[in-house]
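**Student:** This one is final-v1.cif, mmCIF, C-alpha atoms.
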data_protein
#
loop_
_atom_site.label_atom_id
_atom_site.label_comp_id
_atom_site.auth_asym_id
_atom_site.auth_seq_id
_atom_site.Cartn_x
_atom_site.Cartn_y
_atom_site.Cartn_z
CA MET A 1155 -138.65 73.24 155.69
CA LYS A 1156 -138.89 71.07 152.62
CA SER A 1157 -137.66 73.90 150.35
CA ASN A 1158 -134.66 74.49 152.65
CA LEU A 1159 -133.72 70.82 152.41
CA ILE A 1160 -133.96 70.94 148.60
CA LYS A 1161 -131.84 74.12 148.48
CA SER A 1162 -129.26 72.55 150.81
CA GLY A 1163 -129.15 69.41 148.64
CA ILE A 1164 -128.63 71.44 145.46
CA GLN A 1165 -125.82 73.44 147.09
CA LYS A 1166 -124.06 70.24 148.18
CA LEU A 1167 -124.43 68.76 144.70
CA MET A 1168 -122.97 71.91 143.07
CA GLN A 1169 -120.16 71.93 145.63
CA GLY A 1170 -119.37 68.29 144.87
CA LEU A 1171 -119.25 69.01 141.15
CA GLY A 1172 -117.11 72.11 141.68
CA LEU A 1173 -119.90 74.36 140.30
CA GLU A 1174 -120.59 76.31 143.45
CA LYS A 1175 -120.09 80.04 142.95
CA SER A 1176 -116.94 81.15 144.71
CA GLU A 1177 -116.83 84.38 146.67
CA LYS A 1178 -113.19 84.88 145.68
CA PRO A 1179 -112.52 86.53 142.33
CA TRP A 1180 -110.96 84.37 139.66
CA LEU A 1181 -108.09 86.86 139.28
CA THR A 1182 -106.69 88.27 142.50
CA ARG A 1183 -104.46 91.30 142.97
CA ILE A 1184 -101.42 88.99 143.00
CA ASP A 1185 -102.49 87.54 139.63
CA THR A 1186 -102.85 90.92 137.96
CA TYR A 1187 -99.55 92.01 139.52
CA ILE A 1188 -97.66 89.02 138.08
CA ILE A 1189 -99.43 89.25 134.69
CA GLY A 1190 -98.55 92.93 134.49
CA LYS A 1191 -94.92 92.20 135.39
CA PHE A 1192 -94.72 89.33 132.86
CA LEU A 1193 -96.22 91.16 129.89
CA GLY A 1194 -94.59 94.47 130.76
CA THR A 1195 -91.12 92.91 130.99
CA PHE A 1196 -91.68 90.93 127.78
CA PHE A 1197 -92.75 93.89 125.65
CA PHE A 1198 -90.06 96.16 127.13
CA SER A 1199 -87.31 93.60 126.47
CA ILE A 1200 -88.50 92.82 122.94
CA VAL A 1201 -88.65 96.52 122.02
CA MET A 1202 -85.14 97.13 123.39
CA ILE A 1203 -83.60 94.07 121.69
CA LEU A 1204 -85.36 94.69 118.38
CA ALA A 1205 -84.12 98.29 118.38
CA ILE A 1206 -80.55 97.01 118.70
CA VAL A 1207 -81.11 94.36 116.03
CA VAL A 1208 -82.54 96.92 113.57
CA VAL A 1209 -79.51 99.19 114.05
CA PHE A 1210 -77.07 96.34 113.44
CA ASP A 1211 -79.02 95.04 110.44
CA TYR A 1212 -79.19 98.52 108.90
CA ASN A 1213 -75.44 99.02 109.32
CA GLU A 1214 -74.77 95.62 107.77
CA LYS A 1215 -76.93 96.30 104.69
CA PHE A 1216 -76.27 100.03 104.34
CA ASP A 1217 -73.75 99.57 101.50
CA LYS A 1218 -76.21 97.38 99.58
CA PHE A 1219 -78.97 99.97 100.00
CA ILE A 1220 -76.72 102.69 98.60
CA GLN A 1221 -75.30 100.52 95.81
CA HIS A 1222 -78.72 99.42 94.55
CA GLU A 1223 -80.40 102.82 95.21
CA ALA A 1224 -83.07 101.53 97.58
CA PRO A 1225 -85.71 104.22 98.31
CA ALA A 1226 -85.91 105.33 101.95
CA ARG A 1227 -89.66 104.64 102.02
CA ALA A 1228 -89.10 101.06 100.80
CA ILE A 1229 -86.36 100.51 103.39
CA ALA A 1230 -88.63 101.69 106.20
CA PHE A 1231 -91.98 100.20 105.18
CA ASP A 1232 -91.23 97.27 102.84
CA TYR A 1233 -88.22 95.93 104.73
CA PHE A 1234 -87.94 96.97 108.38
CA LEU A 1235 -91.68 97.20 109.06
CA ASN A 1236 -91.91 93.55 107.98
CA PHE A 1237 -88.54 92.47 109.39
CA ILE A 1238 -89.40 93.49 112.98
CA PRO A 1239 -92.41 91.13 113.51
CA TYR A 1240 -90.60 88.32 111.67
CA PHE A 1241 -87.54 88.52 113.92
CA GLY A 1242 -89.66 89.10 117.04
CA VAL A 1243 -91.77 85.96 116.54
CA LYS A 1244 -88.80 83.86 115.41
CA PHE A 1245 -87.01 84.51 118.71
CA SER A 1246 -90.10 84.92 120.88
CA PRO A 1247 -89.22 81.87 123.05
CA LEU A 1248 -85.93 83.58 123.93
CA PHE A 1249 -87.63 86.89 124.82
CA ILE A 1250 -90.36 85.17 126.84
CA PHE A 1251 -87.90 83.03 128.76
CA ILE A 1252 -85.62 85.95 129.59
CA SER A 1253 -88.64 88.00 130.72
CA VAL A 1254 -89.81 85.24 133.09
CA ILE A 1255 -86.32 84.73 134.48
CA PHE A 1256 -85.69 88.44 134.96
CA PHE A 1257 -88.82 89.54 136.82
CA THR A 1258 -89.28 86.27 138.75
CA SER A 1259 -85.71 86.42 140.06
CA LYS A 1260 -86.44 90.00 141.11
CA LEU A 1261 -89.50 88.79 143.02
CA ALA A 1262 -87.43 86.02 144.63
CA GLY A 1263 -84.61 88.42 145.48
CA ASN A 1264 -87.05 90.77 147.20
CA SER A 1265 -88.53 87.80 149.13
CA GLU A 1266 -91.93 88.44 147.52
CA ILE A 1267 -92.32 84.81 146.43
CA ILE A 1268 -91.41 83.62 149.93
CA ALA A 1269 -94.10 85.94 151.32
CA MET A 1270 -96.68 84.58 148.86
CA LEU A 1271 -95.90 80.96 149.70
CA SER A 1272 -95.80 81.71 153.44
CA GLY A 1273 -99.20 83.40 153.14
CA GLY A 1274 -100.78 80.11 152.06
CA LEU A 1275 -100.47 80.50 148.29
CA SER A 1276 -99.41 77.18 146.77
CA PHE A 1277 -96.80 77.01 144.05
CA ASN A 1278 -99.38 75.52 141.67
CA ARG A 1279 -101.67 78.49 142.33
CA LEU A 1280 -98.72 80.83 141.79
CA LEU A 1281 -98.31 79.36 138.30
CA ARG A 1282 -101.81 80.45 137.23
CA PRO A 1283 -100.95 84.07 136.24
CA TYR A 1284 -97.78 82.84 134.52
CA PHE A 1285 -99.74 80.41 132.36
CA ILE A 1286 -102.45 83.00 131.64
CA SER A 1287 -99.74 85.32 130.33
CA ALA A 1288 -98.12 82.43 128.45
CA ALA A 1289 -101.49 81.58 126.83
CA LEU A 1290 -101.92 85.18 125.65
CA LEU A 1291 -98.40 85.27 124.19
CA ALA A 1292 -98.78 81.80 122.63
CA ALA A 1293 -102.03 82.86 120.94
CA MET A 1294 -100.40 86.06 119.71
CA THR A 1295 -97.40 84.12 118.38
CA PHE A 1296 -99.63 81.64 116.56
CA VAL A 1297 -101.81 84.30 114.91
CA LEU A 1298 -98.79 86.37 113.85
CA SER A 1299 -96.79 83.43 112.49
CA SER A 1300 -99.82 81.92 110.74
CA TYR A 1301 -101.60 84.86 109.16
CA VAL A 1302 -99.72 88.16 109.61
CA ILE A 1303 -96.05 87.43 109.03
CA PRO A 1304 -96.31 85.27 105.84
CA PRO A 1305 -97.66 88.16 103.69
CA ALA A 1306 -95.10 90.44 105.35
CA ASN A 1307 -92.34 87.96 104.50
CA LYS A 1308 -93.38 88.10 100.84
CA THR A 1309 -92.87 91.88 100.75
CA ARG A 1310 -89.63 91.68 102.75
CA LEU A 1311 -88.09 88.98 100.55
CA GLN A 1312 -89.09 90.81 97.38
CA PHE A 1313 -87.29 93.88 98.72
CA GLU A 1314 -84.18 91.80 99.50
CA ASP A 1315 -84.23 90.25 96.02
CA GLN A 1316 -84.43 93.69 94.42
CA TYR A 1317 -82.13 95.79 96.59
CA VAL A 1318 -79.92 93.43 98.62
CA ARG A 1319 -79.22 90.26 96.65
CA LYS A 1320 -80.31 91.50 93.20
CA VAL A 1321 -81.75 88.11 92.31
CA SER A 1322 -83.89 87.96 89.16
CA SER A 1323 -86.85 85.59 89.32
CA ASP A 1324 -88.79 86.69 86.23
CA TYR A 1325 -88.32 83.45 84.34
CA VAL A 1326 -87.62 79.80 84.98
CA ARG A 1327 -86.37 76.96 82.79
CA ASN A 1328 -87.23 73.27 82.51
CA VAL A 1329 -90.47 73.21 84.49
CA GLN A 1330 -91.67 69.65 85.06
CA MET A 1331 -94.37 68.66 87.51
CA GLU A 1332 -97.35 66.38 88.05
CA LEU A 1333 -100.50 68.50 88.22
CA GLU A 1334 -102.66 65.62 89.47
CA PRO A 1335 -102.36 61.81 89.39
CA GLY A 1336 -101.71 60.83 85.81
CA VAL A 1337 -101.26 64.38 84.43
CA ILE A 1338 -97.68 65.53 83.77
CA ILE A 1339 -96.61 68.83 82.20
CA TYR A 1340 -93.31 70.17 80.93
CA MET A 1341 -92.20 73.65 79.78
CA GLU A 1342 -88.82 74.57 78.40
CA ARG A 1343 -89.10 78.16 79.68
CA TYR A 1344 -91.67 80.34 81.44
CA ASP A 1345 -91.58 84.17 81.41
CA ASP A 1346 -93.42 85.49 84.45
CA LYS A 1347 -93.52 89.11 83.24
CA ARG A 1348 -95.33 88.19 80.02
CA LYS A 1349 -97.10 85.16 81.58
CA ILE A 1350 -96.01 83.02 78.61
CA GLY A 1351 -94.46 79.55 78.52
CA TYR A 1352 -92.56 78.07 75.59
CA ASN A 1353 -92.39 74.52 74.21
CA PHE A 1354 -95.14 73.13 76.39
CA PHE A 1355 -96.43 69.57 76.52
CA MET A 1356 -98.96 67.79 78.72
CA GLU A 1357 -99.48 64.04 78.97
CA ARG A 1358 -102.38 62.13 80.53
CA TYR A 1359 -102.05 58.55 81.73
CA GLU A 1360 -104.55 55.94 82.89
CA GLY A 1361 -102.45 53.60 84.96
CA GLN A 1362 -99.34 53.00 82.85
CA GLN A 1363 -101.04 53.74 79.52
CA LEU A 1364 -100.67 57.07 77.73
CA VAL A 1365 -104.14 58.26 76.62
CA SER A 1366 -103.50 61.84 75.49
CA ARG A 1367 -100.64 64.20 74.66
CA MET A 1368 -100.81 67.92 73.95
CA THR A 1369 -97.88 69.93 72.58
CA ALA A 1370 -97.78 73.68 71.96
CA LYS A 1371 -95.22 76.24 70.88
CA ARG A 1372 -96.50 78.72 73.45
CA ILE A 1373 -98.94 78.78 76.36
CA ALA A 1374 -100.22 82.01 77.93
CA MET A 1375 -102.14 82.53 81.18
CA ASP A 1376 -105.29 84.69 80.91
CA SER A 1377 -106.38 84.18 84.52
CA ILE A 1378 -105.83 81.61 87.25
CA TYR A 1379 -106.18 78.11 85.73
CA HIS A 1380 -107.27 79.62 82.39
CA TRP A 1381 -104.59 79.10 79.73
CA ARG A 1382 -104.47 79.68 75.97
CA VAL A 1383 -102.30 77.27 73.99
CA MET A 1384 -100.95 78.44 70.61
CA GLU A 1385 -99.77 76.38 67.67
CA TYR A 1386 -100.98 73.26 69.41
CA LEU A 1387 -101.24 69.61 68.50
CA ILE A 1388 -103.41 67.16 70.48
CA ARG A 1389 -103.14 63.40 70.06
CA ASP A 1390 -105.77 61.18 71.73
CA PHE A 1391 -105.05 57.45 71.88
CA GLU A 1392 -107.93 54.96 71.89
CA GLY A 1393 -106.42 51.50 71.70
CA LEU A 1394 -104.88 51.17 68.24
CA HIS A 1395 -106.61 54.30 66.98
CA GLU A 1396 -105.22 57.82 67.23
CA ASN A 1397 -107.19 61.06 66.89
CA ILE A 1398 -105.21 64.19 65.98
CA SER A 1399 -106.38 67.80 66.26
CA MET A 1400 -104.36 70.94 65.74
CA GLY A 1401 -104.86 74.67 65.46
CA ALA A 1402 -103.48 78.15 65.99
CA SER A 1403 -105.13 78.88 69.36
CA LEU A 1404 -107.23 77.06 71.97
CA ASP A 1405 -108.61 78.14 75.36
CA THR A 1406 -108.13 75.49 78.07
CA MET A 1407 -108.58 74.98 81.79
CA ILE A 1408 -105.36 73.62 83.32
CA VAL A 1409 -104.96 73.43 87.11
CA MET A 1410 -101.52 75.01 87.00
CA ASN A 1411 -100.40 77.99 89.12
CA PRO A 1412 -97.24 79.84 87.93
CA THR A 1413 -96.26 80.68 91.51
CA GLU A 1414 -95.36 77.00 91.93
CA PHE A 1415 -92.71 77.37 89.20
CA PHE A 1416 -90.75 79.83 91.33
CA ILE A 1417 -90.40 77.86 94.56
CA THR A 1418 -87.21 79.04 96.26
CA LYS A 1419 -85.69 78.83 99.73
CA GLY A 1420 -87.96 80.59 102.19
CA PHE A 1421 -91.11 80.16 100.08
CA SER A 1422 -92.76 78.17 102.88
CA GLU A 1423 -92.49 81.21 105.17
CA GLN A 1424 -94.57 83.24 102.70
CA LEU A 1425 -97.63 80.98 102.99
CA THR A 1426 -100.26 81.35 105.69
CA THR A 1427 -100.96 78.23 107.73
CA THR A 1428 -104.14 77.56 105.73
CA GLU A 1429 -102.30 78.00 102.41
CA LEU A 1430 -99.44 75.86 103.67
CA ARG A 1431 -101.80 73.02 104.63
CA GLN A 1432 -103.51 73.21 101.22
CA TYR A 1433 -100.14 73.26 99.47
CA LEU A 1434 -98.94 70.18 101.37
CA ASP A 1435 -102.15 68.26 100.61
CA ARG A 1436 -101.92 69.18 96.93
CA GLN A 1437 -98.26 68.20 96.62
CA LYS A 1438 -98.88 64.89 98.40
CA ARG A 1439 -101.69 64.07 96.00
CA ARG A 1440 -99.28 64.78 93.15
CA GLY A 1441 -96.72 62.45 94.67
CA VAL A 1442 -94.11 65.16 95.21
CA ALA A 1443 -91.55 63.89 97.73
CA ASN A 1444 -89.36 66.95 98.31
CA ILE A 1445 -91.73 68.89 100.60
CA LYS A 1446 -90.07 68.29 103.97
CA GLU A 1447 -89.12 71.97 104.32
CA TYR A 1448 -92.82 72.83 104.13
CA GLU A 1449 -93.81 70.12 106.60
CA VAL A 1450 -91.18 71.36 109.06
CA GLU A 1451 -92.48 74.94 108.73
CA TYR A 1452 -96.07 73.75 109.24
CA GLN A 1453 -95.21 71.79 112.40
CA ARG A 1454 -93.23 74.72 113.80
CA ARG A 1455 -96.29 76.96 113.53
CA PHE A 1456 -97.81 74.77 116.28
CA SER A 1457 -94.73 73.72 118.26
CA PHE A 1458 -93.54 77.30 118.89
CA PRO A 1459 -96.68 78.39 120.80
CA PHE A 1460 -96.53 75.17 122.83
CA SER A 1461 -92.90 75.88 123.72
CA VAL A 1462 -94.02 79.12 125.42
CA PHE A 1463 -95.65 77.09 128.23
CA ILE A 1464 -92.63 74.80 128.62
CA LEU A 1465 -90.11 77.65 128.81
CA THR A 1466 -92.38 79.59 131.16
CA LEU A 1467 -92.51 76.63 133.57
CA ILE A 1468 -88.73 76.24 133.38
CA GLY A 1469 -88.24 79.96 134.02
CA VAL A 1470 -90.57 80.09 137.04
CA SER A 1471 -89.20 76.91 138.59
CA LEU A 1472 -85.62 78.06 138.10
CA ALA A 1473 -85.94 81.71 139.16
CA SER A 1474 -88.41 81.36 142.04
CA ARG A 1475 -85.72 79.97 144.33
CA LYS A 1476 -83.64 82.61 146.11
CA MET A 1477 -80.01 81.85 145.29
CA ARG A 1478 -76.63 83.35 145.97
CA GLY A 1479 -75.76 85.31 142.84
CA GLY A 1480 -79.31 86.58 142.42
CA THR A 1481 -80.62 87.88 139.11
CA GLY A 1482 -77.25 87.63 137.36
CA LEU A 1483 -76.97 83.89 137.96
CA HIS A 1484 -80.60 83.32 136.97
CA LEU A 1485 -80.15 85.32 133.75
CA GLY A 1486 -76.97 83.39 132.93
CA LEU A 1487 -78.72 80.05 133.37
CA GLY A 1488 -81.74 81.37 131.48
CA LEU A 1489 -79.68 82.48 128.50
CA LEU A 1490 -77.87 79.14 128.44
CA ILE A 1491 -81.14 77.17 128.45
CA SER A 1492 -82.92 79.42 125.92
CA PHE A 1493 -80.03 79.43 123.45
CA SER A 1494 -79.64 75.68 123.82
CA TYR A 1495 -83.36 75.31 123.04
CA ILE A 1496 -83.07 77.45 119.88
CA PHE A 1497 -79.94 75.55 118.81
CA PHE A 1498 -81.62 72.19 119.45
CA ASP A 1499 -84.72 73.30 117.54
CA THR A 1500 -82.62 74.39 114.55
CA LEU A 1501 -80.56 71.19 114.65
CA SER A 1502 -83.64 68.96 114.86
CA GLY A 1503 -85.05 70.61 111.73
CA THR A 1504 -82.04 69.37 109.76
CA PHE A 1505 -82.89 65.80 110.85
CA ALA A 1506 -86.17 66.07 108.92
CA LEU A 1507 -84.56 67.67 105.85
CA SER A 1508 -81.92 64.94 105.72
CA GLY A 1509 -84.51 62.19 106.13
CA SER A 1510 -83.20 60.99 109.52
CA ALA A 1511 -86.59 61.65 111.14
CA THR A 1512 -90.11 62.58 110.13
CA PRO A 1513 -90.89 66.34 110.24
CA PHE A 1514 -93.35 65.83 113.12
CA VAL A 1515 -90.83 63.94 115.27
CA ALA A 1516 -87.94 66.27 114.40
CA VAL A 1517 -89.86 69.45 115.24
CA TRP A 1518 -91.44 68.18 118.47
CA ILE A 1519 -88.31 66.51 119.91
CA PRO A 1520 -87.04 69.78 121.53
CA ASN A 1521 -90.41 70.34 123.21
CA ALA A 1522 -90.46 66.77 124.49
CA VAL A 1523 -86.92 67.00 125.90
CA TYR A 1524 -87.43 70.40 127.51
CA ALA A 1525 -90.83 69.33 128.88
CA VAL A 1526 -88.96 66.64 130.87
CA ILE A 1527 -86.46 69.29 132.06
CA ALA A 1528 -89.36 71.57 133.02
CA PHE A 1529 -91.04 68.81 135.04
CA GLY A 1530 -87.78 68.03 136.85
CA LEU A 1531 -87.24 71.70 137.79
CA TYR A 1532 -90.90 71.97 138.82
CA LEU A 1533 -90.47 69.10 141.30
CA GLN A 1534 -87.47 70.88 142.84
CA ALA A 1535 -89.12 74.32 142.96
CA PRO A 1536 -89.87 75.80 146.41
CA LYS A 1537 -93.35 74.75 147.52
#
For this file, produce the structure as structure tokens.
**Tutor:**
Amino acid sequence: MKSNLIKSGIQKLMQGLGLEKSEKPWLTRIDTYIIGKFLGTFFFSIVMILAIVVVFDYNEKFDKFIQHEAPARAIAFDYFLNFIPYFGVKFSPLFIFISVIFFTSKLAGNSEIIAMLSGGLSFNRLLRPYFISAALLAAMTFVLSSYVIPPANKTRLQFEDQYVRKVSSDYVRNVQMELEPGVIIYMERYDDKRKIGYNFFMERYEGQQLVSRMTAKRIAMDSIYHWRVMEYLIRDFEGLHENISMGASLDTMIVMNPTEFFITKGFSEQLTTTELRQYLDRQKRRGVANIKEYEVEYQRRFSFPFSVFILTLIGVSLASRKMRGGTGLHLGLGLLISFSYIFFDTLSGTFALSGSATPFVAVWIPNAVYAVIAFGLYLQAPK
């Protein structure tokens, strides 16, 4: 009797805490049905749209490929194999939103959603499989944009430089940068093929006082951060005294990476999220101000996956109501909202680049605005 009372007490406690084992499975047949519809429609639509995009892009660049004698293997593997995931992730909110609108409006048109709600399924419970699918796609988008696409972008952009735009980036002139607080370098020219810089100088400051200056006719990189200066002159200042040393060659350790000399438009898209964070921290320590493009790219790596949930909620709330006009009207409204989101997101990025807003605020404004729209449509959705 006593053991039964203890068992009953434990069961009530677990029930009160929500820890009681439920007899119902966590995923029902309706959940797997909606998840299958969501993911199936998404991958089908993205494959179809990407196939069309690849055909149009190939036709547009065909003359350039012929003119610059691009190998067929390079076109297929270096360009299009890397272009497809880049384009797919860049417009993933559009594909996800259209997928939700399309199959949900089909469910509403066939009165399946009405049957689910009439059978006692709440609208909040109906959202569970949608958000499970959205979480899977958001995770996939984040991993691809953070760690898979950046290396692919490097190969794709190198192909475009060689066979489409014919842009030479083997050397750079007038390199000037702060390696760390108080250490400034300058090079008249750097040849990336030979890994040699010409007319190099490096100055070290303590506060406002110059304490050392090195000049060299040439500087060559042996390995990362390992440089050999040739025909050098070093002047160390100690108060009123000056120590001078010179020679033909000297091995040095200088925290200087040549890849930073060739920063061009789109370079931020070639860095993984970890590399991008390290780059931003390093440039901020150096006092470099013109890094807003990189901050915008970093914030977008996180805002894009979050937008998947917002657009999914908008799509379900909008398409779950049976309306006159059916799927066509839902798709029209869906395209309007998704394109307006992409336009707003692109426009807000320019606010950060122009200095009108911080990168964080500029990138997250579209999500904040469309989260309000999503909540308003959710309140009006059929319950």
**Student:** Would you mind listing what lies within 12 Å of Ala1306 of chain A as a list of chain:residue names, with all atoms listed in the file counted and same-chain residues fewer than 6 positions away left out?
**Tutor:**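 Those residues are A:Phe1231, A:Asp1232, A:Tyr1233, A:Phe1234, A:Leu1235, A:Asn1236, A:Phe1237, A:Ile1238, A:Pro1239, A:Tyr1240, A:Phe1241, A:Leu1298, A:Ser1299, A:Ser1300, A:Gln1312, A:Phe1313, A:Glu1423, A:Gln1424, A:Leu1425, A:Thr1426.
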**Student:** Which is closest to Ser1253 of chain A among A:Gln1330, A:Ser1287, A:Gln1221, A:Ser1377, if we use only C-alpha atoms?
**Tutor:**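 Once distances to Ser1253 of chain A are computed over only C-alpha atoms, the minimum belongs to A:Ser1287.
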**Student:** Skipping near chain neighbours, those fewer than 5 positions away, what residues fall within 10 Å of Ile1189 of chain A using all atoms listed in the file, listed as a short mmCIF file (atom, residue, chain, number, x, y, z; two decimals) with C-alpha atoms, in the frame of the given file?
**Tutor:**
data_model
loop_
_atom_site.label_atom_id
_atom_site.label_comp_id
_atom_site.auth_asym_id
_atom_site.auth_seq_id
_atom_site.Cartn_x
_atom_site.Cartn_y
_atom_site.Cartn_z
CA ARG A 1183 -104.46 91.30 142.97
CA ILE A 1184 -101.42 88.99 143.00
CA GLY A 1194 -94.59 94.47 130.76
CA THR A 1195 -91.12 92.91 130.99
CA ARG A 1282 -101.81 80.45 137.23
CA PRO A 1283 -100.95 84.07 136.24
CA TYR A 1284 -97.78 82.84 134.52
CA PHE A 1285 -99.74 80.41 132.36
CA ILE A 1286 -102.45 83.00 131.64
CA SER A 1287 -99.74 85.32 130.33
CA ALA A 1288 -98.12 82.43 128.45
#
**Student:** Between A:Gly1190, A:Gly1393, A:Pro1459, A:Pro1335, which is the closest to Lys1244 of chain A once you count all atoms listed in the file?
**Tutor:**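 When distances to Lys1244 of chain A are compared using all atoms listed in the file, the smallest one comes from A:Pro1459.
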**Student:** Using all atoms listed in the file, can you tell me which of A:Gln1534, A:Ser1492, A:Asn1411, A:Thr1427 comes closest to Val1302 of chain A?
**Tutor:** A:Thr1427
**Student:** List as a ChimeraX atom specification the protein and nucleic acid residues near Phe1456 of chain A, meaning an atom at most 12 Å away when all atoms listed in the file are counted, but skip any in the same chain fewer than 5 places from it.
**Tutor:** /A:1292-1293,1295-1300,1427,1449-1451,1461-1462,1514,1517-1518,1521
**Student:** Would you compute the distance between atom CA of Thr1309 of chain A and atom CA of Ala1226 of chain A? Give it in Å to one decimal.
**Tutor:**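 Answer for the atom CA of Thr1309 of chain A to atom CA of Ala1226 of chain A separation: 15.2 Å.
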**Student:** At what distance in Å, to one decimal, does atom CA of Asn1307 of chain A lie from atom CA of Gln1453 of chain A?
**Tutor:**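 Distance reported for this atom pair: 18.2 Å.
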**Student:** What does the PyMOL selection byres ((chain A and resi 1338) around 9) select in this file, as a list in words?
**Tutor:**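 Applying the PyMOL selection byres ((chain A and resi 1338) around 9) to the structure shown produces Gln1330, Met1331, Glu1332, Leu1333, Glu1334, Pro1335, Gly1336, Val1337, Ile1339, Tyr1340, Phe1355, Met1356, Glu1357, Arg1358 and Tyr1359 of chain A.
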**Student:** Convert the current residue selection to file output with C-alpha atoms, as a PDB file, keeping the file's coordinate frame.
**Tutor:**
ATOM      1  CA  GLN A1330     -91.670  69.650  85.060  1.00  0.00           C
ATOM      2  CA  MET A1331     -94.370  68.660  87.510  1.00  0.00           C
ATOM      3  CA  GLU A1332     -97.350  66.380  88.050  1.00  0.00           C
ATOM      4  CA  LEU A1333    -100.500  68.500  88.220  1.00  0.00           C
ATOM      5  CA  GLU A1334    -102.660  65.620  89.470  1.00  0.00           C
ATOM      6  CA  PRO A1335    -102.360  61.810  89.390  1.00  0.00           C
ATOM      7  CA  GLY A1336    -101.710  60.830  85.810  1.00  0.00           C
ATOM      8  CA  VAL A1337    -101.260  64.380  84.430  1.00  0.00           C
ATOM      9  CA  ILE A1339     -96.610  68.830  82.200  1.00  0.00           C
ATOM     10  CA  TYR A1340     -93.310  70.170  80.930  1.00  0.00           C
ATOM     11  CA  PHE A1355     -96.430  69.570  76.520  1.00  0.00           C
ATOM     12  CA  MET A1356     -98.960  67.790  78.720  1.00  0.00           C
ATOM     13  CA  GLU A1357     -99.480  64.040  78.970  1.00  0.00           C
ATOM     14  CA  ARG A1358    -102.380  62.130  80.530  1.00  0.00           C
ATOM     15  CA  TYR A1359    -102.050  58.550  81.730  1.00  0.00           C
TER      16      TYR A1359
END
